[in-house]
Structures are given as structure tokens and as C-alpha cells.
Amino acid sequence: MGNKKKIILKLSGAVLGMYLFSFLLVPLYDVFCDITGINGKVTQTKNAESSITVEGREISIQFISHNNEGMPWEFKPSERVSKIKTGAMYETSFYAKNTTNKMMTAVAVNSVAPSNAKDFIKKIECFCFQGGIDLMPGEEILLPIKMVVDNELPKNIKNIVLSYTIFDSNLEHNITTDHDSDHVGS
Amino acid sequence: MSAVVENHHDDHHHGPAKGLKRWLYTTNHKDIGTLYLWFSFAMFLIGGVMALVIRAELFQPGMQIVEPEFYNQMLTLHGLIMVFGAVMPAFVGLANWLVPMMIGAPDMALPRMNNLSFWILPFAFFVLLSSLFMDGGAPNFGWTFYAPLSTTYAPPSTTFFIFSVHIMGASSIMGSINVIVTIMNMRAPGITLMKMPLFVWAWLITAYLLIAVMPVLAGAVTMMLMDIHFGTSFFNAAGGGDPVLFQHIFWFFGHPEVYIMILPAFGIVSHIVETFSRKQLFGYSSMVWAMLSIAILSFVVWAHHMFTVGMPLAAELFFMWATMLIAVPTGVKVFNWVATMFKGSITFEVPMLFACAFIVLFTLGGFSGLMVAIVPADFQYHDTYFVVAHFHYVLVPGSVFSIMAAVYFWIPKWTGNMYDERLGRLHFWLSFIGVNVTFFPQHFIGLAGMPRRYPDYALQFADWNMVSSVGAFLFGFSQILFLFIVLKTVMGGKKATSEVWEGARGLEWTVESPAPYHTFTVPPKIN
């Protein structure tokens with residue numbers, strides 16, 4: 001029965017296709033999030049300087065730091081809340097200290113709330129762009145952020161929260177960062 | 001070898017082989033259907049015992065009987081076993097028994113694969129259950145196994161869980177391919193697609209859903225496996241992955257999965273309602289279109305399981321409206337069942353009792369589903385007992401009642417004996433009362449804010465939890481009566497006629513009861 005073989009072949013193809021599709025969902029999800037800004041990750045913006053124009057309105061910007069479970073470092077923003085002007089360059093930093101007695105590598109992942117502010121935050125420099133932050137035992141560091149909030153920021157947004165979480169990249173289940181380094185940097 | 005050849009030369013009335021080998025080597029759709037059904041029943045009892053452990057612990061606030069870690073394992077295994085071990089194999093068993101007889105085919109299209117797809121299942125569940133005795137215990141992260149709880153923080157036995165899910169998936173996929181090829185290729189002449197019995201239609205759609213989503217589940221657990229053992233970070237934020245991605249992939253499988261567990265039930269209930277109303281089913285083609293649109297819509301609603309992860313408003317609105325849209329074809333089906341009963345000469349034998357309870361209680365579960373579909377309200381309902389009440393209403397008096405109805409409806413055809421009507425009614429009423437006493441109060445404690453999946457709760461939830469536990473034990477123990485009734489029917493009872501039910505429609509009622517080992521070796525003539 002040729003017909004039977006054809007159906008079986010088609011169905012097996014569908015099974016294989018859907019299996020591959022499930023893996024395709026991983027990059028698709030990233031692309032989708034990138035386009036829509038759903039998960040609030042800010043990526044390195046290419047011509048961020050072009051957003052530096054006339055000073056616009058004043059907004060409040062808040063920095064939050066989190067240590068992921070099992071991450072012993074001291075990690076906090078230098079200033080928690082600032083008033084900044086849209087369209088103007090803004091510089092701040094995060095303080096990090098390796099409190100352990102061994103060399104460690106950390107990875108920072110950021111998030112923005114509200115998520116629709118994501119497209120208007122242009123980062124020129126951020127420690128979250130680097131793959132990993134290496135600190136010797138007891139070493140401390142000031143991690144710089146240079147950014148500008150675009151004048152086009154929707155009028156209803158008056159507060160922006162930037163959150164950074166650091167992970168111990170050597171934790172047993174965590175992996176090296178080069179798996180998808182531009183992703184880590186985002 | 002010559003013996004085998006000889007067997008083939010035998011005429012069609014030769015019976016099955018004797019002893020254990022009959023079941024191990026069988027390629028007969030009726031034998032395999034029976035195996036699936038018994039396997040499902042065994043899993044139903046095992047998963048049921050786990051549910052009773054859960055309800056016993058929740059009988060009173062405070063920790064009484066089990067350790068919280070063990071409670072989590074019971075919760076996880078209960079869900080996995082009931083979904084993959086009880087409900088799905090029961091429907092596959094019914095498909096094996098009924099689809100070939102309903103379309104006038106001699107057997108399933110791929111009988112050896114049929115044997116394989118059943119016999120790998122016991123191994124899958126052996127692997128899953130054996131994890132209870134491993135270091136660190138069984139999986140304890142809930143049946144939805146959200147990463148990173150199921151990767152970074154999971155017990156070592158998770159790897160066994162992953163392999164058992166792979167095997168279950170392989171079994172379902174083979175079963176679905178078999179059903180589709182059978183339906184597409186082996187219908188008796190004259191049975192066009194739009195003349196197929198609704199159970200066959202329901203299974204055709206279900207099989208396509210399975211083929212579309214089981215590989216995605218396999219992909220999800222494979223990614224988990226790689227995250228755990230091979231240093232990838234699909235779901236690990238530190239390595240650039242995203243835990244929310246897991247939820248998207250899981251529910252992309254998970255939502256069609258809930259329709260996989262209800263579409264065959266729709267088919268069963270349609271047959272039973274028309275038989276006991278002694279009328280032709282109202283709106284056959286709208287039933288088919290309703291099932292098709294439910295199946296298609298099921299692929300674009302998954303994110304309603306995860307409204308609280310922080311989605312943009314536009315996405316929440318889309319998933320809310322798409323979800324509510326499913327109520328339309330579902331409403332068409334409920335309307336058609338009621339319209340079929342309208343002015344029918346209805347009798348309430350046990351299958352009809354279960355079917356009527358299905359229509360009422362499934363609709364009730366559907367309405368609570370509409371409630372949780374409303375985004376702003378869902379922020380309150382999310383992860384509370386209200387959700388538990390909702391999905392148990394669609395799964396227990398929904399899927400499970402339909403399976404029980406199907407067993408009562410077709411068991412005279414399978415065994416040649418009528419079941420004991422009085423005991424059957426007793427079983428129905430005990431189950432009906434038990435289910436409602438168990439799950440209805442869970443709406444109240446859910447709305448009052450009791451979170452799901454915890455072994456302990458605040459004092460104000462104590463009364464309704466106690467009621468719920470009493471109901472659970474009533475429902476659980478009444479299934480022993482069901483086992484007794486089934487065994488009694490298999491052993492003997494009033495002989496059934498070929499037609500069994502007055503005015504029953506469908507090819508399966510034209511063969512004698514019990515159905516001979518081989519049916520329709522010559523395609524029947526259809527008018």
C-alpha cells in the first residue's frame with residue numbers, strides 16, 4: 001500500500017519537524033523578545049550617541065541590585081535613585097566586591113521596568129555588556145554605566161527601574177558565558 | 001515457522017494464543033485496547049493513592065502524616081501519572097478497541113507498532129515510579145516541571161524522569177501515527193470523512209494534536225537534560241538563557257495537551273447522548289467543525305497559563321481574547337448535546353448518567369476556565385486552589401467520567417455481558433457526590449487565597465479542606481467498587497445482544513457480543 005507508506009512518512013516528518021521546531025523556539029523567542037522588548041532586556045545600542053540631543057524633561061531613575069542564590073559578593077548601586085534629564089548623558093556605577101577568598105567570575109543580567117521603556121534607554125557603556133567580571137579574593141571594583149534616555153520616551157513614563165542581577169558563573173550548574181555572549185551582555 | 005504460516009491459513013475464527021504470550025506478542029487491536037485500559041486503570045489507582053496521601057495531609061492544618069519533601073513528590077507524581085498514565089492511555093485503549101470497529105476495519109493499520117507503543121509504557125512508568133526509591137527522592141517540582149526548579153534545584157532522579165517522559169512521548173506518537181493511518185486508509189467503502197462516527201473524528205484530531213505537541217515536550221525535556229548534564233543554559237539566566245522560555249515551550253505543549261485529554265471525551269459523550277436520547281445527534285457537522293476549531297485555537301492560547309510572568313499588555317489581551325474565543329465552539333458542543341436530548345425519549349442507564357454529569361460538570365469547569373482567562377482576575381486566581389478546582393473539574397468529571405461512561409457503554413460489546421445496573425448506579429452516585437464534595441470547596445478556598453502545592457495552610461482554610469478530603473476519600477474508595485463491577489462483568493452476567501442498547505447507531509453494534517477476535521475481515525456494506 002503506497003498510500004500508507006506516504007502517510008507514515010509524512011507524519012514522521014511532522015514529528016521530526018516539530019521536535020526541531022521546539023529547539024527553534026529558543027532563538028525565535030530571543031528574536032521575538034528583542035523586537036518587542038517583552039522581557040525588558042536592554043541591548044547595546046549602536047549609535048547611542050545620536051540620542052544625546054537637547055535636554056528634555058526630568059524623570060526619575062532607580063537602580064536595583066540582586067544577588068542570585070549562592071552568590072556571596074557584595075553588589076550594590078552607587079546611587080539608588082537619581083533625577084535625570086532625557087536626552088542628556090548620564091553616568092553612574094555599581095560597586096562590587098568579591099567577599100570570598102577565591103577568584104570568581106560573575107555575570108550580570110539586567111532588566112527594565114516598565115518594559116516599554118526598554119527601547120528608549122540607550123546604553124553607551126555597561127558592565128553588563130562584558131561576558132564576565134573577574135575579581136580576585138577581596139578585590140573591589142566600580143562598574144560603570146553610561147547611558148542616555150531618549151527624548152522620545154512615552155510621556156506617561158516618569159519612573160524607570162533598572163535592575164541588575166549577578167550570577168556566579170562558576171556555580172556547578174552555571175556555565176561559561178561564551179555560550180551566547182552577546183545575550184549575556186544584553 | 002511453519003506453524004505461523006499455518007495459522008495464517010486458518011480461517012478467521014481462530015482465537016487468541018493462550019497464556020501470557022497472547023498479551024506480550026499480540027498485534028490484535030482488541031487485545032491491545034484491553035491492555036491499555038487495564039494499564040490505565042492500574043495507573044489511575046496508583047495516582048489515586050497519591051492523591052489520597054495529599055488529601056490526608058491536608059485534612060488538617062499543620063504537618064501530620066508526611067514530610068513536606070515527600071508531599072511534593074506525591075504532588076508531582078500524582079499529576080504526571082494521572083495525565084500520562086491514566087487519562088491518555090485510557091483514550092488510546094478506547095481508540096484501539098473502537099476505531100477499527102467503528103470504521104469497519106479489520107485491525108489497526110500498524111499492528112506491530114501498536115504492540116510496541118503499548119509495551120514501552122509500563123517501562124516508562126516503572127522508571128518514573130522507581131525514582132521514589134532513589135537518593136534524593138522522586139521529582140518534586142510539580143507536574144509542570146518549571147525550570148530552573150527542575151534543573152538547577154532538582155533531585156538527581158530528574159534524569160530518570162526525563163527519560164520516562166521521552167518514552168511516554170514515543171508511545172503517544174506511535175499511537176497517534178497508527179490512529180491517523182488507520183482512519184485515513186482503512187475506512188470501509190462508503191464511510192466518507194463527514195460520515196465518520198464522532199469518536200473517530202475526535203481521535204483523528206487528537207492524534208494530529210499529539211503529533212504536533214509531543215515532540216515539543218520531548219524537546220523541552222531534552223533541553224532540561226542538556227542544562228543538567230551538558231553545561232548548556234537554555235533556561236539558566238546566568239548563562240544567557242531564560243527561565244520564562246521554559247514556560248513558553250512547556251505550555252506550547254501543555255495547552256494542546258489539555259484538549260488531547262478532552263476531545264476524545266467529546267466524541268464518547270456524543271455517542272452516548274444520542275443513543276440514550278434515541279435520536280440522531282443534533283448538528284453533526286457543527287460538532288466536527290467545533291472540534292477542529294478548538295484544536296486550532298489551542299495553539300494560540302498557551303500564555304494564559306503564565307499571565308503573571310510579566311507580559312506586555314498587548315500580549316495579555318491577545319491571549320485573553322483568544323482563550324475566550326474557545327468558549328464559542330465549546331458552547332456549540334454543549335448546545336448540541338442538550339438539543340439532542342431535547343424531546344428525546346431519554347432513559348438514564350449508567351453511561352447516560354455519567355454523560356449527563358459530564359455535560360453539567362465539564363461546563364462548570366469551563367466557566368471557571370473563563371474566569372481564570374480574564375487577565376486582571378487571573379492575577380488573583382493564579383496558583384491558588386481555584387485553579388486546582390478548575391482543572392480538576394474538567395479532568396475528573398470531564399475526562400475521567402467520560403472514560404467511565406465509555407467503559408459502561410461498550411463493556412457489553414467487549415465482554416458479551418451486561419454490567420450490574422444497580423451497582424453501576426451506586427458507583428455513579430458515589431463518584432458524582434465524591435467529586436463535587438472534593439473539588440467544589442476548592443473554589444472557595446482558592447478565592448479566599450489558599451495557594452496550591454503547599455503541604456500546610458493557614459487556619460481559616462481548615463473547614464473546607466476537611467470537607468474536600470472527606471470527598472476525596474469517598475471518590476477514591478468508590479473506584480474500588482468500579483473495579484469490582486468491571487471484574488464482575490468480565491466474569492459473567494446477563495448476556496448482551498449484538499445491539500446492546502435499543503436503537504444504538506454505529507458499526508460496532510452490528511457485530512455480535514462479545515465482539516469476535518477478528519471483526520470486519522470483509523469490509524461491511526454501508527448504505
# chains A, B, ... in the order shown; residues from 1 in each chain; ligands from 1
call {"tool": "residues_around", "arguments": {"residues": "stretch 297-307 of chain B", "least_positions_apart": "6", "cutoff": "9 Å", "atoms": "only C-alpha atoms", "output": "PyMOL selection string"}}
result
chain B and resi 247-248+250-259+315-316+318-323+325-326+372-375+378-379+382
call {"tool": "residues_around", "arguments": {"residues": "stretch 11-25 of chain A", "least_positions_apart": "2", "cutoff": "10 Å", "atoms": "only C-alpha atoms", "output": "PDB file with N, CA, C and O atoms, in the first residue's frame"}}
result
ATOM      1  N   LYS A   5       2.385   4.062   3.226  1.00  0.00           N
ATOM      2  CA  LYS A   5       3.770   4.468   3.464  1.00  0.00           C
ATOM      3  C   LYS A   5       3.906   5.983   3.394  1.00  0.00           C
ATOM      4  O   LYS A   5       4.644   6.594   4.160  1.00  0.00           O
ATOM      5  N   LYS A   6       3.152   6.572   2.435  1.00  0.00           N
ATOM      6  CA  LYS A   6       3.251   8.018   2.254  1.00  0.00           C
ATOM      7  C   LYS A   6       2.766   8.749   3.508  1.00  0.00           C
ATOM      8  O   LYS A   6       3.400   9.694   3.976  1.00  0.00           O
ATOM      9  N   ILE A   7       1.639   8.286   4.039  1.00  0.00           N
ATOM     10  CA  ILE A   7       1.115   8.951   5.246  1.00  0.00           C
ATOM     11  C   ILE A   7       2.094   8.797   6.403  1.00  0.00           C
ATOM     12  O   ILE A   7       2.387   9.756   7.115  1.00  0.00           O
ATOM     13  N   ILE A   8       2.614   7.577   6.577  1.00  0.00           N
ATOM     14  CA  ILE A   8       3.536   7.343   7.695  1.00  0.00           C
ATOM     15  C   ILE A   8       4.758   8.248   7.568  1.00  0.00           C
ATOM     16  O   ILE A   8       5.203   8.866   8.528  1.00  0.00           O
ATOM     17  N   LEU A   9       5.254   8.343   6.320  1.00  0.00           N
ATOM     18  CA  LEU A   9       6.433   9.178   6.088  1.00  0.00           C
ATOM     19  C   LEU A   9       6.145  10.634   6.409  1.00  0.00           C
ATOM     20  O   LEU A   9       6.923  11.309   7.078  1.00  0.00           O
ATOM     21  N   PRO A  27      15.902  30.397  19.708  1.00  0.00           N
ATOM     22  CA  PRO A  27      16.283  31.648  19.044  1.00  0.00           C
ATOM     23  C   PRO A  27      15.074  32.513  18.677  1.00  0.00           C
ATOM     24  O   PRO A  27      15.145  33.738  18.759  1.00  0.00           O
ATOM     25  N   LEU A  28      13.961  31.866  18.296  1.00  0.00           N
ATOM     26  CA  LEU A  28      12.775  32.640  17.934  1.00  0.00           C
ATOM     27  C   LEU A  28      12.323  33.507  19.100  1.00  0.00           C
ATOM     28  O   LEU A  28      11.943  34.657  18.933  1.00  0.00           O
ATOM     29  N   TYR A  29      12.391  32.912  20.291  1.00  0.00           N
ATOM     30  CA  TYR A  29      11.984  33.636  21.494  1.00  0.00           C
ATOM     31  C   TYR A  29      12.870  34.857  21.701  1.00  0.00           C
ATOM     32  O   TYR A  29      12.378  35.943  21.996  1.00  0.00           O
ATOM     33  N   ASP A  30      14.173  34.676  21.508  1.00  0.00           N
ATOM     34  CA  ASP A  30      15.088  35.800  21.671  1.00  0.00           C
ATOM     35  C   ASP A  30      14.802  36.903  20.660  1.00  0.00           C
ATOM     36  O   ASP A  30      14.762  38.074  21.002  1.00  0.00           O
ATOM     37  N   VAL A  31      14.596  36.470  19.402  1.00  0.00           N
ATOM     38  CA  VAL A  31      14.314  37.450  18.365  1.00  0.00           C
ATOM     39  C   VAL A  31      13.017  38.182  18.688  1.00  0.00           C
ATOM     40  O   VAL A  31      12.934  39.412  18.628  1.00  0.00           O
ATOM     41  N   PHE A  32      12.021  37.413  19.092  1.00  0.00           N
ATOM     42  CA  PHE A  32      10.714  37.975  19.404  1.00  0.00           C
ATOM     43  C   PHE A  32      10.826  38.975  20.556  1.00  0.00           C
ATOM     44  O   PHE A  32      10.282  40.080  20.502  1.00  0.00           O
TER      45      PHE A  32
ATOM     46  N   ILE B 173       3.288   9.138  20.301  1.00  0.00           N
ATOM     47  CA  ILE B 173       3.479   9.492  18.894  1.00  0.00           C
ATOM     48  C   ILE B 173       3.198   8.278  18.011  1.00  0.00           C
ATOM     49  O   ILE B 173       2.481   8.364  17.007  1.00  0.00           O
ATOM     50  N   MET B 174       3.712   7.104  18.426  1.00  0.00           N
ATOM     51  CA  MET B 174       3.442   5.902  17.624  1.00  0.00           C
ATOM     52  C   MET B 174       1.947   5.606  17.602  1.00  0.00           C
ATOM     53  O   MET B 174       1.379   5.277  16.554  1.00  0.00           O
ATOM     54  N   SER B 176      -0.459   7.711  17.839  1.00  0.00           N
ATOM     55  CA  SER B 176      -1.167   8.677  17.001  1.00  0.00           C
ATOM     56  C   SER B 176      -0.968   8.386  15.530  1.00  0.00           C
ATOM     57  O   SER B 176      -1.907   8.487  14.739  1.00  0.00           O
ATOM     58  N   ILE B 177       0.266   8.041  15.161  1.00  0.00           N
ATOM     59  CA  ILE B 177       0.515   7.722  13.754  1.00  0.00           C
ATOM     60  C   ILE B 177      -0.385   6.552  13.344  1.00  0.00           C
ATOM     61  O   ILE B 177      -1.031   6.569  12.294  1.00  0.00           O
ATOM     62  N   ASN B 178      -0.468   5.579  14.235  1.00  0.00           N
ATOM     63  CA  ASN B 178      -1.296   4.418  13.967  1.00  0.00           C
ATOM     64  C   ASN B 178      -2.759   4.804  13.764  1.00  0.00           C
ATOM     65  O   ASN B 178      -3.410   4.368  12.809  1.00  0.00           O
ATOM     66  N   ILE B 180      -4.008   7.712  12.902  1.00  0.00           N
ATOM     67  CA  ILE B 180      -4.229   8.503  11.686  1.00  0.00           C
ATOM     68  C   ILE B 180      -4.189   7.611  10.452  1.00  0.00           C
ATOM     69  O   ILE B 180      -5.070   7.692   9.585  1.00  0.00           O
ATOM     70  N   VAL B 181      -3.187   6.748  10.384  1.00  0.00           N
ATOM     71  CA  VAL B 181      -3.089   5.880   9.191  1.00  0.00           C
ATOM     72  C   VAL B 181      -4.318   4.982   9.109  1.00  0.00           C
ATOM     73  O   VAL B 181      -4.875   4.776   8.025  1.00  0.00           O
ATOM     74  N   TYR B 208      -3.589  14.239  15.582  1.00  0.00           N
ATOM     75  CA  TYR B 208      -2.804  15.318  14.967  1.00  0.00           C
ATOM     76  C   TYR B 208      -2.237  16.249  16.026  1.00  0.00           C
ATOM     77  O   TYR B 208      -1.090  16.699  15.925  1.00  0.00           O
ATOM     78  N   LEU B 210      -1.440  15.425  19.044  1.00  0.00           N
ATOM     79  CA  LEU B 210      -0.338  14.711  19.701  1.00  0.00           C
ATOM     80  C   LEU B 210       0.925  14.786  18.863  1.00  0.00           C
ATOM     81  O   LEU B 210       2.016  15.014  19.376  1.00  0.00           O
ATOM     82  N   ILE B 211       0.756  14.590  17.554  1.00  0.00           N
ATOM     83  CA  ILE B 211       1.928  14.625  16.684  1.00  0.00           C
ATOM     84  C   ILE B 211       2.550  16.004  16.669  1.00  0.00           C
ATOM     85  O   ILE B 211       3.765  16.162  16.576  1.00  0.00           O
ATOM     86  N   ALA B 212       1.715  17.026  16.827  1.00  0.00           N
ATOM     87  CA  ALA B 212       2.260  18.378  16.822  1.00  0.00           C
ATOM     88  C   ALA B 212       2.953  18.733  18.126  1.00  0.00           C
ATOM     89  O   ALA B 212       3.945  19.453  18.125  1.00  0.00           O
ATOM     90  N   VAL B 213       2.439  18.262  19.271  1.00  0.00           N
ATOM     91  CA  VAL B 213       2.998  18.778  20.523  1.00  0.00           C
ATOM     92  C   VAL B 213       3.863  17.808  21.319  1.00  0.00           C
ATOM     93  O   VAL B 213       4.704  18.251  22.090  1.00  0.00           O
ATOM     94  N   MET B 214       3.687  16.496  21.143  1.00  0.00           N
ATOM     95  CA  MET B 214       4.546  15.598  21.920  1.00  0.00           C
ATOM     96  C   MET B 214       6.035  15.806  21.599  1.00  0.00           C
ATOM     97  O   MET B 214       6.867  15.763  22.495  1.00  0.00           O
ATOM     98  N   PRO B 215       6.391  16.056  20.313  1.00  0.00           N
ATOM     99  CA  PRO B 215       7.804  16.329  20.044  1.00  0.00           C
ATOM    100  C   PRO B 215       8.293  17.602  20.741  1.00  0.00           C
ATOM    101  O   PRO B 215       9.473  17.691  21.092  1.00  0.00           O
ATOM    102  N   VAL B 216       7.403  18.567  20.935  1.00  0.00           N
ATOM    103  CA  VAL B 216       7.815  19.797  21.625  1.00  0.00           C
ATOM    104  C   VAL B 216       8.109  19.488  23.091  1.00  0.00           C
ATOM    105  O   VAL B 216       9.086  19.981  23.662  1.00  0.00           O
ATOM    106  N   LEU B 217       7.280  18.620  23.685  1.00  0.00           N
ATOM    107  CA  LEU B 217       7.554  18.191  25.066  1.00  0.00           C
ATOM    108  C   LEU B 217       8.893  17.466  25.125  1.00  0.00           C
ATOM    109  O   LEU B 217       9.708  17.698  26.021  1.00  0.00           O
ATOM    110  N   ALA B 218       9.115  16.603  24.137  1.00  0.00           N
ATOM    111  CA  ALA B 218      10.388  15.879  24.090  1.00  0.00           C
ATOM    112  C   ALA B 218      11.536  16.874  23.985  1.00  0.00           C
ATOM    113  O   ALA B 218      12.570  16.723  24.640  1.00  0.00           O
ATOM    114  N   GLY B 219      11.354  17.915  23.172  1.00  0.00           N
ATOM    115  CA  GLY B 219      12.375  18.948  23.047  1.00  0.00           C
ATOM    116  C   GLY B 219      12.618  19.643  24.378  1.00  0.00           C
ATOM    117  O   GLY B 219      13.766  19.857  24.776  1.00  0.00           O
ATOM    118  N   ALA B 220      11.533  19.968  25.083  1.00  0.00           N
ATOM    119  CA  ALA B 220      11.678  20.679  26.360  1.00  0.00           C
ATOM    120  C   ALA B 220      12.476  19.846  27.357  1.00  0.00           C
ATOM    121  O   ALA B 220      13.399  20.357  28.009  1.00  0.00           O
ATOM    122  N   THR B 222      14.505  17.444  26.661  1.00  0.00           N
ATOM    123  CA  THR B 222      15.875  17.287  26.167  1.00  0.00           C
ATOM    124  C   THR B 222      16.718  18.501  26.542  1.00  0.00           C
ATOM    125  O   THR B 222      17.876  18.376  26.947  1.00  0.00           O
ATOM    126  N   MET B 223      16.129  19.682  26.417  1.00  0.00           N
ATOM    127  CA  MET B 223      16.857  20.895  26.817  1.00  0.00           C
ATOM    128  C   MET B 223      17.172  20.853  28.303  1.00  0.00           C
ATOM    129  O   MET B 223      18.270  21.246  28.722  1.00  0.00           O
ATOM    130  N   PHE B 234      19.918  26.694  28.407  1.00  0.00           N
ATOM    131  CA  PHE B 234      18.672  27.097  27.770  1.00  0.00           C
ATOM    132  C   PHE B 234      17.808  27.890  28.745  1.00  0.00           C
ATOM    133  O   PHE B 234      17.195  28.883  28.391  1.00  0.00           O
ATOM    134  N   LEU B 245      11.395  31.252  29.107  1.00  0.00           N
ATOM    135  CA  LEU B 245      11.346  30.477  27.862  1.00  0.00           C
ATOM    136  C   LEU B 245      10.837  29.066  28.132  1.00  0.00           C
ATOM    137  O   LEU B 245      10.075  28.508  27.346  1.00  0.00           O
ATOM    138  N   HIS B 248       7.160  29.075  28.215  1.00  0.00           N
ATOM    139  CA  HIS B 248       6.556  29.191  26.878  1.00  0.00           C
ATOM    140  C   HIS B 248       6.582  27.843  26.161  1.00  0.00           C
ATOM    141  O   HIS B 248       5.579  27.417  25.585  1.00  0.00           O
ATOM    142  N   ILE B 249       7.732  27.168  26.196  1.00  0.00           N
ATOM    143  CA  ILE B 249       7.828  25.891  25.482  1.00  0.00           C
ATOM    144  C   ILE B 249       6.901  24.865  26.125  1.00  0.00           C
ATOM    145  O   ILE B 249       6.169  24.145  25.455  1.00  0.00           O
ATOM    146  N   PHE B 250       6.922  24.832  27.473  1.00  0.00           N
ATOM    147  CA  PHE B 250       6.086  23.845  28.149  1.00  0.00           C
ATOM    148  C   PHE B 250       4.614  24.051  27.810  1.00  0.00           C
ATOM    149  O   PHE B 250       3.902  23.101  27.486  1.00  0.00           O
ATOM    150  N   PHE B 252       3.327  25.632  25.311  1.00  0.00           N
ATOM    151  CA  PHE B 252       3.035  25.411  23.896  1.00  0.00           C
ATOM    152  C   PHE B 252       2.661  23.942  23.685  1.00  0.00           C
ATOM    153  O   PHE B 252       1.807  23.611  22.852  1.00  0.00           O
ATOM    154  N   PHE B 253       3.300  23.071  24.465  1.00  0.00           N
ATOM    155  CA  PHE B 253       2.862  21.673  24.508  1.00  0.00           C
ATOM    156  C   PHE B 253       1.607  21.552  25.386  1.00  0.00           C
ATOM    157  O   PHE B 253       0.636  20.905  25.025  1.00  0.00           O
TER     158      PHE B 253
END
call {"tool": "residues_around", "arguments": {"residues": "B:Gly476", "least_positions_apart": "4", "cutoff": "10 Å", "atoms": "only C-alpha atoms", "output": "list of chain:residue names"}}
result
B:Phe44, B:Leu45, B:Gly48, B:Val49, B:Ala51, B:Leu52, B:Leu430, B:Ser431, B:Gly434, B:Val435, B:Val470, B:Gly471, B:Ala472, B:Ile480, B:Leu481
call {"tool": "atom_distance", "arguments": {"atom1": "atom CA of B:Gly137", "atom2": "atom CA of B:Met50"}}
result
14.7 Å
call {"tool": "residues_around", "arguments": {"residues": "stretch 60-65 of chain B", "least_positions_apart": "2", "cutoff": "9 Å", "atoms": "only C-alpha atoms", "output": "ChimeraX atom specification"}}
result
/B:53,56-58,67-68,455-459,461-463,465-466
call {"tool": "closest_residue", "arguments": {"among": "B:Phe91, B:Pro516, B:Ile228, B:Ala238", "to": "A:Asn67", "atoms": "only C-alpha atoms"}}
result
B:Ala238
call {"tool": "atom_distance", "arguments": {"atom1": "atom CA of B:Thr347", "atom2": "atom CA of B:Phe401"}}
result
18.1 Å
call {"tool": "closest_residue", "arguments": {"among": "A:Ile52, A:Val149, A:Val26, A:Ile64", "to": "A:Lys83", "atoms": "only C-alpha atoms"}}
result
A:Val149
call {"tool": "residues_around", "arguments": {"residues": "stretch 491-497 of chain B", "least_positions_apart": "5", "cutoff": "9 Å", "atoms": "only C-alpha atoms", "output": "ChimeraX atom specification"}}
result
/B:412-413,415-420,486,509,512-514
call {"tool": "residues_around", "arguments": {"residues": "A:Lys76", "least_positions_apart": "2", "cutoff": "8 Å", "atoms": "only C-alpha atoms", "output": "list in words"}}
result
Ile64, Ser65, Glu74, Ser78, Phe94, Tyr95 and Ala96 of chain A
call {"tool": "residues_around", "arguments": {"residues": "B:Gln280", "least_positions_apart": "6", "cutoff": "12 Å", "atoms": "only C-alpha atoms", "output": "JSON, numbers by chain"}}
result
{"B": [197, 270, 271, 272, 273, 274, 336, 337, 339, 340, 341, 342, 343, 344, 345, 503, 504, 505, 506]}
call {"tool": "decode", "arguments": {"residues": "stretch 15-103 of chain B", "atoms": "C-alpha atoms", "output": "short mmCIF file (atom, residue, chain, number, x, y, z; two decimals), in the first residue's frame"}}
result
data_model
loop_
_atom_site.label_atom_id
_atom_site.label_comp_id
_atom_site.auth_asym_id
_atom_site.auth_seq_id
_atom_site.Cartn_x
_atom_site.Cartn_y
_atom_site.Cartn_z
CA GLY B 15 -8.89 -17.45 18.68
CA PRO B 16 -6.05 -15.77 20.52
CA ALA B 17 -2.97 -17.60 21.73
CA LYS B 18 -3.03 -18.91 25.27
CA GLY B 19 -1.35 -17.55 28.37
CA LEU B 20 0.97 -14.64 28.87
CA LYS B 21 2.36 -14.79 25.34
CA ARG B 22 -1.01 -13.77 23.99
CA TRP B 23 -0.60 -10.40 25.70
CA LEU B 24 3.12 -9.97 25.09
CA TYR B 25 3.09 -10.71 21.39
CA THR B 26 -0.39 -9.62 20.48
CA THR B 27 -0.97 -7.45 17.46
CA ASN B 28 -4.74 -7.61 17.81
CA HIS B 29 -6.33 -4.21 18.30
CA LYS B 30 -8.82 -5.57 20.82
CA ASP B 31 -6.13 -7.20 22.95
CA ILE B 32 -4.00 -4.08 22.85
CA GLY B 33 -7.03 -1.96 23.68
CA THR B 34 -7.68 -4.16 26.70
CA LEU B 35 -4.04 -3.88 27.78
CA TYR B 36 -4.15 -0.10 27.52
CA LEU B 37 -7.37 0.06 29.52
CA TRP B 38 -6.10 -2.17 32.33
CA PHE B 39 -2.82 -0.32 32.43
CA SER B 40 -4.66 2.95 32.66
CA PHE B 41 -6.84 1.58 35.46
CA ALA B 42 -3.77 0.47 37.42
CA MET B 43 -2.20 3.91 36.99
CA PHE B 44 -5.50 5.54 37.97
CA LEU B 45 -5.41 3.62 41.25
CA ILE B 46 -1.73 4.39 41.91
CA GLY B 47 -2.19 8.08 41.09
CA GLY B 48 -5.35 7.97 43.21
CA VAL B 49 -3.50 6.64 46.23
CA MET B 50 -1.06 9.54 45.83
CA ALA B 51 -3.98 11.96 45.71
CA LEU B 52 -5.26 10.45 48.94
CA VAL B 53 -1.85 10.93 50.58
CA ILE B 54 -2.11 14.59 49.57
CA ARG B 55 -5.66 14.94 50.86
CA ALA B 56 -4.86 13.09 54.07
CA GLU B 57 -2.05 15.54 54.77
CA LEU B 58 -4.37 18.45 54.02
CA PHE B 59 -7.17 17.07 56.20
CA GLN B 60 -5.99 19.36 58.99
CA PRO B 61 -3.62 22.31 59.03
CA GLY B 62 -0.10 21.63 60.25
CA MET B 63 2.16 18.78 59.26
CA GLN B 64 0.61 15.46 60.27
CA ILE B 65 1.44 12.50 58.10
CA VAL B 66 4.21 13.05 55.59
CA GLU B 67 7.31 15.19 55.27
CA PRO B 68 6.96 18.26 53.02
CA GLU B 69 9.57 16.80 50.64
CA PHE B 70 7.55 13.63 50.25
CA TYR B 71 4.38 15.66 49.83
CA ASN B 72 5.99 17.47 46.89
CA GLN B 73 6.92 14.14 45.31
CA MET B 74 3.37 12.85 45.73
CA LEU B 75 2.00 16.03 44.17
CA THR B 76 4.33 15.77 41.18
CA LEU B 77 3.82 12.07 40.56
CA HIS B 78 0.06 12.33 41.04
CA GLY B 79 -0.13 14.89 38.24
CA LEU B 80 2.24 13.09 35.89
CA ILE B 81 0.66 9.68 36.43
CA MET B 82 -2.91 10.86 36.04
CA VAL B 83 -2.15 12.81 32.85
CA PHE B 84 0.28 10.48 31.10
CA GLY B 85 -0.56 7.19 32.79
CA ALA B 86 -4.30 7.22 33.38
CA VAL B 87 -6.18 9.57 31.06
CA MET B 88 -4.09 9.37 27.90
CA PRO B 89 -3.63 5.57 27.80
CA ALA B 90 -7.32 5.09 28.56
CA PHE B 91 -8.24 7.09 25.48
CA VAL B 92 -5.66 5.22 23.40
CA GLY B 93 -7.15 1.97 24.67
CA LEU B 94 -10.63 3.09 23.67
CA ALA B 95 -9.30 4.14 20.27
CA ASN B 96 -7.77 0.70 19.80
CA TRP B 97 -10.96 -1.09 20.68
CA LEU B 98 -13.37 1.17 18.89
CA VAL B 99 -11.81 2.96 15.93
CA PRO B 100 -11.34 -0.17 13.75
CA MET B 101 -14.81 -1.46 14.63
CA MET B 102 -16.43 1.94 14.03
CA ILE B 103 -14.93 2.35 10.56
#
